[in-house]
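Colleague: Right, I'll just put the structure down here and ask away after.
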Amino acid sequence: MTDHNSAVLTLNNGRPMPIVGLGTYAPKNNEDEVIDAVKAAVRAGYRHIDCAAIYRNERAVGHAIKQLIVEDVVKREDLFITSKLWNTCHRPDLVEDNLKKSLEDLGLQYLDLYLMHWPMAYKEGGEFLPRDENGKVLFSDVDYLDTWKALEDCVDQGLTLSIGCSNFNSKQLQRILDNSRIKPSNNQVEINIQNNNKKLVEYCKANDIAVTAFAPLGSPGNTSNSTPLLEDPVLKDIASKKNKTPAQVALRFLIQQGIGVLPKSVNAKRIPENFEIFDFSLSDSDKQQLFSLNKGIRGYSEEIALDHKYYPFHEEF
Ligand code: A2P
């Protein structure tokens, strides 16, 4: 049984976004590993690749995409490529050039989706993380609404087909909804069974903003969590009953709620594994058990910006 109907999410501008994408944030991996991962993913059926300027590997992703197109494995128009504007580039006059830099690195004429990576702006120019002499990150007071208007202009110019947000809370999204020509089509946030972000997901659904989950596997090896997500006995038990892996159940739980997933992997076995989630389904009782595993644990809280006026996580959702 292939669940084709839910293999794409339809954005609020009518454009389809494949529900499973490859996450490419891989700070420990070299360029060759990223190139191989993107190639393996597309060969396994992925059509959605999630990138960002801050991942510092868009050239490697672009290299892989170019080879896949040249080898006739896929056509550009069948791919869905996302990139993200980094916090040091929020000043409206910097937005277009930064989008174009990502396009150049990725070797593309247009993006499918361009996200504002965070609502907070950092001091413009130079380093991705500009710091003062005490090591404190330097902020900028650019309002994300002004950045948003520059993103709208990028859509008008055909540089990206859709625009959206990442790590925004509901109040920040509402402020954009109330003051924009083009509505955010997506909010990409950290979501997994231990941090299910239920209220934010409900808010986004009610406002026709598609939600995608980064760190959908809880970023194993990257948390100080006492029970790593994939080791959870309830998850493992459901997985063994379904003859699936814990990772597949963790991803299925999200796509069954209509949430897009962006699992990261550079492993030739795990890349296809994370895509093979359309041939089974979770019952209401499975889902209830998985909802009960929520601990509200955030792995990516950008605490260096806790006292920024637009820090998103002081709000409940
Ligand atoms: P690897 O690249 O060696 O596969 P997340 O997307 O939640 O941030 O998780 C990413 C991490 O999870 C990566 O370290 C990745 O390692 C690992 N990972 C990806 N897929 C699986 C899987 N199916 N089972 C176990 N670990 C996985």
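How things are named: the first chain in the structure tokens is A, the next is B, and so on; residues count from 1 in each chain; ligands count from 1 in the order shown.
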Excluding Leu151 of chain A and any residue of its chain fewer than 5 positions from it, enumerate the residues within 8 Å of it, using only C-alpha atoms, and give them as number ranges by chain.
Modeller: A: 95-96, 163
Colleague: How would you write, as a PyMOL selection string, the set of residues no farther than 8 Å from ligand 1 when counting only C-alpha atoms and all ligand atoms?
Modeller: chain A and resi 23+26+192+214-222+230+245-248+262-271+273-274
Colleague: Using only C-alpha atoms, which protein or nucleic acid residues come within 8 Å of Pro312 of chain A? Drop anything in the same chain fewer than 6 positions from it, and give the result as JSON, numbers by chain.
Modeller: {"A": [119, 167, 168, 169, 172]}
Colleague: Set the distance at 9 Å and use only C-alpha atoms: which residues neighbour Asn196 of chain A once local chain neighbours fewer than 2 positions away are removed? I'd like the list as a PyMOL selection string.
Modeller: chain A and resi 190-194+198-199+201+254+291+293-296
Colleague: With only C-alpha atoms counted and 9 Å as the cut-off, give the residues of segment 95-209 of chain A in contact with segment 79-86 of chain A, each with its shortest interatomic distance in Å and the pair that gives it, as JSON lines.
Modeller:
{"residue": "A:Val95", "atom": "CA", "partner": "A:Leu85", "partner_atom": "CA", "distance": 7.4}
{"residue": "A:Asn98", "atom": "CA", "partner": "A:Leu85", "partner_atom": "CA", "distance": 6.9}
{"residue": "A:Leu99", "atom": "CA", "partner": "A:Leu85", "partner_atom": "CA", "distance": 7.0}
{"residue": "A:Ser102", "atom": "CA", "partner": "A:Ser83", "partner_atom": "CA", "distance": 7.2}
{"residue": "A:Leu103", "atom": "CA", "partner": "A:Ser83", "partner_atom": "CA", "distance": 8.8}
{"residue": "A:Tyr110", "atom": "CA", "partner": "A:Ile81", "partner_atom": "CA", "distance": 8.8}
{"residue": "A:Leu111", "atom": "CA", "partner": "A:Ile81", "partner_atom": "CA", "distance": 5.7}
{"residue": "A:Asp112", "atom": "CA", "partner": "A:Ile81", "partner_atom": "CA", "distance": 5.2}
{"residue": "A:Leu113", "atom": "CA", "partner": "A:Thr82", "partner_atom": "CA", "distance": 4.6}
{"residue": "A:Tyr114", "atom": "CA", "partner": "A:Ser83", "partner_atom": "CA", "distance": 5.1}
{"residue": "A:Leu115", "atom": "CA", "partner": "A:Lys84", "partner_atom": "CA", "distance": 4.6}
{"residue": "A:Met116", "atom": "CA", "partner": "A:Leu85", "partner_atom": "CA", "distance": 5.1}
{"residue": "A:His117", "atom": "CA", "partner": "A:Lys84", "partner_atom": "CA", "distance": 5.3}
{"residue": "A:Trp118", "atom": "CA", "partner": "A:Trp86", "partner_atom": "CA", "distance": 7.5}
{"residue": "A:Ala121", "atom": "CA", "partner": "A:Trp86", "partner_atom": "CA", "distance": 8.3}
{"residue": "A:Tyr122", "atom": "CA", "partner": "A:Trp86", "partner_atom": "CA", "distance": 8.8}
{"residue": "A:Phe128", "atom": "CA", "partner": "A:Trp86", "partner_atom": "CA", "distance": 7.5}
{"residue": "A:Cys165", "atom": "CA", "partner": "A:Lys84", "partner_atom": "CA", "distance": 8.7}
{"residue": "A:Ser166", "atom": "CA", "partner": "A:Lys84", "partner_atom": "CA", "distance": 8.4}
Colleague: Between atom CA of Pro233 of chain A and atom CA of Gln288 of chain A, what is the distance in Å, rounded to a tenth?
Modeller: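 So the two atoms, atom CA of Pro233 of chain A and atom CA of Gln288 of chain A, lie 14.8 Å apart.
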Colleague: Considering only C-alpha atoms, state which residue in the set A:Ile54, A:Asp232, A:Ala41, A:Ser240 is at the smallest distance from Pro27 of chain A.
Modeller: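 Checking each of A:Ile54, A:Asp232, A:Ala41, A:Ser240 against Pro27 of chain A, counting only C-alpha atoms, the winner is A:Ile54.
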Colleague: Tell me which of A:Tyr203, A:Phe139, A:Trp148, A:Tyr25 sits closest to Lys183 of chain A, counting only C-alpha atoms.
Modeller: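 Of A:Tyr203, A:Phe139, A:Trp148, A:Tyr25, the one nearest Lys183 of chain A is A:Trp148, counting only C-alpha atoms.
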